Amino acid sequence: MTADKTEDQTAGSFTENLSMLQMIELDACTQCRECLNVCPVQEVTGNPAVSPPEKIRMFREFIKATAGLKSRFLKPKEIDRKLLEDFTKAVFECTTCGACGKHCTVGIFTQRLWPFLRKEMISRGLVDFKILTDMPEAIRNTGNPYNLPAEDRYHPWLPAGITIAEQSELAYYAGCTGAYTAQPMVKGDVSVLNAIGDPFTMLKEEDEVCCGFPLFISGQHDMLEDLTRRLVTSYQAKGVKTLICSCPCCVNIMTREWPVFYGKELPFRIMHITQFVLNALKQGKIRITAGLKTRLIYHDPCYLSRGVGVIEEPREILRSIPGVQLLEFERHGLNSRCCGAGGAVRKVYHENAMAMGRLAIDEAVAKKADRLVLSCPACYGKVNEAMVGHDKQIPIVDIMELIAGLLERKQI
Ligand code: SF4
Ligand code: SF4
């Protein structure tokens, strides 16, 4: 590495990627450490060096050294490279689950803060996780972060006989993780939508590109405006007024960040599939008559519950199944514990992710649930992975996969 390059990485302002509110939030942390009690990374590593207050303390030091009063008059300090590397590790080991923010005694919106601290490290070239840095190119080439062929996006799971309208006020966005890695889930989504009977449209496989979420949370924001505009314009051209999606991460970025990147209010509303399906149940468009004498436990995805506040809808759907007894994790709703799938680098911090997934499995088994119900493709993949080789086992099912099965049984 050249001397110039090193200097680029260790000097210069650390505030360029932050809003005024985020600067105030960094300043507001009292180091009370309350958030450590709810952080899943703390729970599985016990390492306070990767805790929220430590990350905030370090970042404040970087700002002070490079943008404080002294640095205006004297030559700004270079930050010790080891400190920067430690910080980078800490901010990427986080799953961005947002639990710390919900419990923060001064109300710091951490779920949105961490991606911007990551962005600073990315912009300094301090992040060398190939899985992340290869992502923009993969999305540019194939439309998805997995670098899988665009033409394979739908056909392995989209059931024959599902009618996709050319134009409609209603659209379904499958999302990359669902389409490529959690196919029972997206198959369940379209099966339930088809049973509801309202015409819905989908983009062509090559047009349904990544929503931008993995780029956003990994701090790689350059392509986000372009991806947002492409998708919004494509749905607008189809006359869409409601866009339905089952992936909490997609719903989250569409709701929270797309208006920012689009530059104004979106021309359609975003709904999580459980919100849409619950309405359809209430309107009598579908009925679940098949009984299921079983004990289900539902895991709240971080970006759905804490992210956009969808908590009751999945529960109401599950309670509407005759015979179901719905159990709760000790930590649920706004307080739910991350299953380990979040953060965009779960492959790098694989052991943490497995340990978190197994905490969910162990609790579901201890509560004598018959099935663990999920509503997120990332959770679906990670908890299934955590089950492999684990001494406790429980069947896992996606909520729409479950409902689609019951509707099919009803029709037989
Ligand atoms: S977002 Fe989640 S994993 Fe990250 S520091 Fe906060 S509680 Fe821990
Ligand atoms: S709860 Fe909030 S103020 Fe307290 S240490 Fe955590 S981030 Fe800082």
# chains A, B, ... in the order shown; residues from 1 in each chain; ligands from 1
call {"tool": "residues_near_ligand", "arguments": {"ligand": "ligand 2", "cutoff": "8 Å", "atoms": "only C-alpha atoms and all ligand atoms", "output": "PyMOL selection string"}}
result
chain A and resi 28-36+52-53+56+100-101+103-108+110
call {"tool": "select_by_dssp", "arguments": {"residues": "segment 60-185 of chain A", "states": "strand (DSSP E)", "output": "ChimeraX atom specification"}}
result
/A:170-173
call {"tool": "write_last_selection", "arguments": {"atoms": "N, CA and C atoms", "output": "PDB file, in the first residue's frame"}}
result
ATOM      1  N   LEU A 170     -51.935  -3.571  -8.636  1.00  0.00           N
ATOM      2  CA  LEU A 170     -51.290  -4.370  -7.586  1.00  0.00           C
ATOM      3  C   LEU A 170     -50.071  -5.083  -8.185  1.00  0.00           C
ATOM      4  N   ALA A 171     -48.934  -5.003  -7.487  1.00  0.00           N
ATOM      5  CA  ALA A 171     -47.737  -5.698  -7.989  1.00  0.00           C
ATOM      6  C   ALA A 171     -47.092  -6.474  -6.861  1.00  0.00           C
ATOM      7  N   TYR A 172     -46.380  -7.522  -7.246  1.00  0.00           N
ATOM      8  CA  TYR A 172     -45.620  -8.324  -6.277  1.00  0.00           C
ATOM      9  C   TYR A 172     -44.142  -8.262  -6.656  1.00  0.00           C
ATOM     10  N   TYR A 173     -43.307  -7.951  -5.664  1.00  0.00           N
ATOM     11  CA  TYR A 173     -41.844  -7.924  -5.843  1.00  0.00           C
ATOM     12  C   TYR A 173     -41.285  -9.101  -5.035  1.00  0.00           C
TER      13      TYR A 173
END
call {"tool": "closest_atom_pairs", "arguments": {"of": "segment 92-199 of chain A", "to": "segment 260-278 of chain A", "cutoff": "8 Å", "atoms": "only C-alpha atoms", "output": "JSON lines"}}
result
{"residue": "A:Asp189", "atom": "CA", "partner": "A:Ile273", "partner_atom": "CA", "distance": 7.4}
{"residue": "A:Val192", "atom": "CA", "partner": "A:Val277", "partner_atom": "CA", "distance": 7.8}
{"residue": "A:Leu193", "atom": "CA", "partner": "A:Val277", "partner_atom": "CA", "distance": 7.8}
call {"tool": "closest_residue", "arguments": {"among": "A:Cys94, A:Met23, A:Ala160, A:Ile196", "to": "ligand 1", "atoms": "only C-alpha atoms and all ligand atoms"}}
result
A:Cys94
call {"tool": "atom_distance", "arguments": {"atom1": "atom CA of Gly98 of chain A", "atom2": "atom CA of Glu385 of chain A"}}
result
22.8 Å
call {"tool": "select_by_dssp", "arguments": {"residues": "segment 240-409 of chain A", "states": "helix (DSSP H, G or I)", "output": "PyMOL selection string"}}
result
chain A and resi 248-256+258-262+273-282+302-308+312-319+333-335+350-366+377-387+399-409
call {"tool": "residues_near_ligand", "arguments": {"ligand": "ligand 1", "cutoff": "9 Å", "atoms": "only C-alpha atoms and all ligand atoms", "output": "PyMOL selection string"}}
result
chain A and resi 35-43+50-53+55+90-103+110-111+114+302+337-338+340+342-343
call {"tool": "atom_distance", "arguments": {"atom1": "atom CA of Trp157 of chain A", "atom2": "atom CA of Ala179 of chain A"}}
result
7.7 Å
call {"tool": "atom_distance", "arguments": {"atom1": "atom CA of Pro259 of chain A", "atom2": "atom CA of Val240 of chain A"}}
result
16.1 Å
call {"tool": "residues_around", "arguments": {"residues": "Ile288 of chain A", "least_positions_apart": "3", "cutoff": "12 Å", "atoms": "only C-alpha atoms", "output": "PDB file with N, CA and C atoms, in the first residue's frame"}}
result
ATOM      1  N   VAL A 192     -50.729 -17.650  -2.500  1.00  0.00           N
ATOM      2  CA  VAL A 192     -51.771 -16.999  -1.694  1.00  0.00           C
ATOM      3  C   VAL A 192     -52.357 -15.813  -2.461  1.00  0.00           C
ATOM      4  N   ALA A 195     -54.756 -17.101  -4.926  1.00  0.00           N
ATOM      5  CA  ALA A 195     -56.006 -17.555  -4.295  1.00  0.00           C
ATOM      6  C   ALA A 195     -56.897 -16.369  -3.925  1.00  0.00           C
ATOM      7  N   ILE A 196     -56.281 -15.255  -3.543  1.00  0.00           N
ATOM      8  CA  ILE A 196     -57.067 -14.054  -3.205  1.00  0.00           C
ATOM      9  C   ILE A 196     -57.833 -13.574  -4.439  1.00  0.00           C
ATOM     10  N   VAL A 277     -52.535  -9.849   3.083  1.00  0.00           N
ATOM     11  CA  VAL A 277     -53.277 -11.104   3.260  1.00  0.00           C
ATOM     12  C   VAL A 277     -54.250 -10.994   4.431  1.00  0.00           C
ATOM     13  N   LEU A 278     -53.862 -10.293   5.477  1.00  0.00           N
ATOM     14  CA  LEU A 278     -54.798 -10.108   6.599  1.00  0.00           C
ATOM     15  C   LEU A 278     -56.037  -9.334   6.133  1.00  0.00           C
ATOM     16  N   ALA A 280     -57.257  -9.330   3.157  1.00  0.00           N
ATOM     17  CA  ALA A 280     -58.033 -10.248   2.308  1.00  0.00           C
ATOM     18  C   ALA A 280     -58.836 -11.227   3.167  1.00  0.00           C
ATOM     19  N   LEU A 281     -58.226 -11.667   4.266  1.00  0.00           N
ATOM     20  CA  LEU A 281     -58.946 -12.571   5.186  1.00  0.00           C
ATOM     21  C   LEU A 281     -60.145 -11.845   5.796  1.00  0.00           C
ATOM     22  N   LYS A 282     -59.909 -10.607   6.212  1.00  0.00           N
ATOM     23  CA  LYS A 282     -60.990  -9.825   6.845  1.00  0.00           C
ATOM     24  C   LYS A 282     -62.109  -9.532   5.853  1.00  0.00           C
ATOM     25  N   GLY A 284     -62.965 -11.499   3.507  1.00  0.00           N
ATOM     26  CA  GLY A 284     -63.546 -12.768   3.081  1.00  0.00           C
ATOM     27  C   GLY A 284     -63.105 -13.228   1.693  1.00  0.00           C
ATOM     28  N   LYS A 285     -61.999 -12.633   1.184  1.00  0.00           N
ATOM     29  CA  LYS A 285     -61.521 -13.049  -0.146  1.00  0.00           C
ATOM     30  C   LYS A 285     -60.876 -14.426  -0.094  1.00  0.00           C
ATOM     31  N   GLY A 291     -58.329 -27.097   9.575  1.00  0.00           N
ATOM     32  CA  GLY A 291     -57.788 -26.965  10.925  1.00  0.00           C
ATOM     33  C   GLY A 291     -56.352 -27.458  10.983  1.00  0.00           C
ATOM     34  N   LEU A 292     -55.639 -26.975  11.966  1.00  0.00           N
ATOM     35  CA  LEU A 292     -54.246 -27.402  12.140  1.00  0.00           C
ATOM     36  C   LEU A 292     -54.017 -27.454  13.640  1.00  0.00           C
ATOM     37  N   ILE A 317     -53.020 -13.481  11.406  1.00  0.00           N
ATOM     38  CA  ILE A 317     -53.183 -14.509  10.358  1.00  0.00           C
ATOM     39  C   ILE A 317     -53.034 -15.898  10.984  1.00  0.00           C
ATOM     40  N   LEU A 318     -52.007 -16.071  11.793  1.00  0.00           N
ATOM     41  CA  LEU A 318     -51.765 -17.403  12.383  1.00  0.00           C
ATOM     42  C   LEU A 318     -52.900 -17.789  13.332  1.00  0.00           C
ATOM     43  N   ARG A 319     -53.410 -16.809  14.091  1.00  0.00           N
ATOM     44  CA  ARG A 319     -54.504 -17.111  15.021  1.00  0.00           C
ATOM     45  C   ARG A 319     -55.794 -17.457  14.280  1.00  0.00           C
ATOM     46  N   SER A 320     -55.869 -17.048  13.009  1.00  0.00           N
ATOM     47  CA  SER A 320     -57.100 -17.332  12.255  1.00  0.00           C
ATOM     48  C   SER A 320     -57.141 -18.788  11.768  1.00  0.00           C
ATOM     49  N   ILE A 321     -56.057 -19.521  11.947  1.00  0.00           N
ATOM     50  CA  ILE A 321     -56.057 -20.934  11.543  1.00  0.00           C
ATOM     51  C   ILE A 321     -56.730 -21.741  12.657  1.00  0.00           C
ATOM     52  N   PRO A 322     -57.832 -22.414  12.339  1.00  0.00           N
ATOM     53  CA  PRO A 322     -58.523 -23.170  13.389  1.00  0.00           C
ATOM     54  C   PRO A 322     -57.594 -24.203  14.042  1.00  0.00           C
ATOM     55  N   GLY A 323     -57.596 -24.228  15.359  1.00  0.00           N
ATOM     56  CA  GLY A 323     -56.821 -25.250  16.082  1.00  0.00           C
ATOM     57  C   GLY A 323     -55.421 -24.825  16.466  1.00  0.00           C
ATOM     58  N   VAL A 324     -54.953 -23.671  15.940  1.00  0.00           N
ATOM     59  CA  VAL A 324     -53.569 -23.261  16.218  1.00  0.00           C
ATOM     60  C   VAL A 324     -53.439 -22.631  17.602  1.00  0.00           C
ATOM     61  N   LEU A 402     -47.057 -21.793   4.761  1.00  0.00           N
ATOM     62  CA  LEU A 402     -48.025 -22.471   5.622  1.00  0.00           C
ATOM     63  C   LEU A 402     -49.457 -22.181   5.160  1.00  0.00           C
ATOM     64  N   ILE A 403     -49.753 -20.902   4.937  1.00  0.00           N
ATOM     65  CA  ILE A 403     -51.126 -20.514   4.551  1.00  0.00           C
ATOM     66  C   ILE A 403     -51.471 -21.105   3.186  1.00  0.00           C
ATOM     67  N   ALA A 404     -50.523 -21.043   2.246  1.00  0.00           N
ATOM     68  CA  ALA A 404     -50.793 -21.587   0.898  1.00  0.00           C
ATOM     69  C   ALA A 404     -51.165 -23.058   1.005  1.00  0.00           C
ATOM     70  N   GLY A 405     -50.489 -23.792   1.875  1.00  0.00           N
ATOM     71  CA  GLY A 405     -50.780 -25.223   2.050  1.00  0.00           C
ATOM     72  C   GLY A 405     -52.186 -25.444   2.584  1.00  0.00           C
ATOM     73  N   LEU A 406     -52.606 -24.573   3.474  1.00  0.00           N
ATOM     74  CA  LEU A 406     -53.952 -24.717   4.053  1.00  0.00           C
ATOM     75  C   LEU A 406     -55.021 -24.367   3.036  1.00  0.00           C
ATOM     76  N   LEU A 407     -54.752 -23.350   2.204  1.00  0.00           N
ATOM     77  CA  LEU A 407     -55.727 -22.981   1.176  1.00  0.00           C
ATOM     78  C   LEU A 407     -55.844 -24.111   0.160  1.00  0.00           C
ATOM     79  N   GLU A 408     -54.715 -24.724  -0.168  1.00  0.00           N
ATOM     80  CA  GLU A 408     -54.761 -25.820  -1.126  1.00  0.00           C
ATOM     81  C   GLU A 408     -55.598 -26.979  -0.560  1.00  0.00           C
ATOM     82  N   ARG A 409     -55.370 -27.247   0.755  1.00  0.00           N
ATOM     83  CA  ARG A 409     -56.137 -28.347   1.358  1.00  0.00           C
ATOM     84  C   ARG A 409     -57.627 -28.033   1.358  1.00  0.00           C
ATOM     85  N   LYS A 410     -57.925 -26.723   1.558  1.00  0.00           N
ATOM     86  CA  LYS A 410     -59.331 -26.313   1.572  1.00  0.00           C
ATOM     87  C   LYS A 410     -59.981 -26.608   0.214  1.00  0.00           C
ATOM     88  N   GLN A 411     -59.165 -26.388  -0.859  1.00  0.00           N
ATOM     89  CA  GLN A 411     -59.746 -26.517  -2.184  1.00  0.00           C
ATOM     90  C   GLN A 411     -59.908 -27.968  -2.640  1.00  0.00           C
TER      91      GLN A 411
END
call {"tool": "residues_around", "arguments": {"residues": "Val383 of chain A", "least_positions_apart": "3", "cutoff": "9 Å", "atoms": "only C-alpha atoms", "output": "MDAnalysis selection string"}}
result
chainID A and resid 339:341 353:354 356:358 360:361 378:380 386:387 396
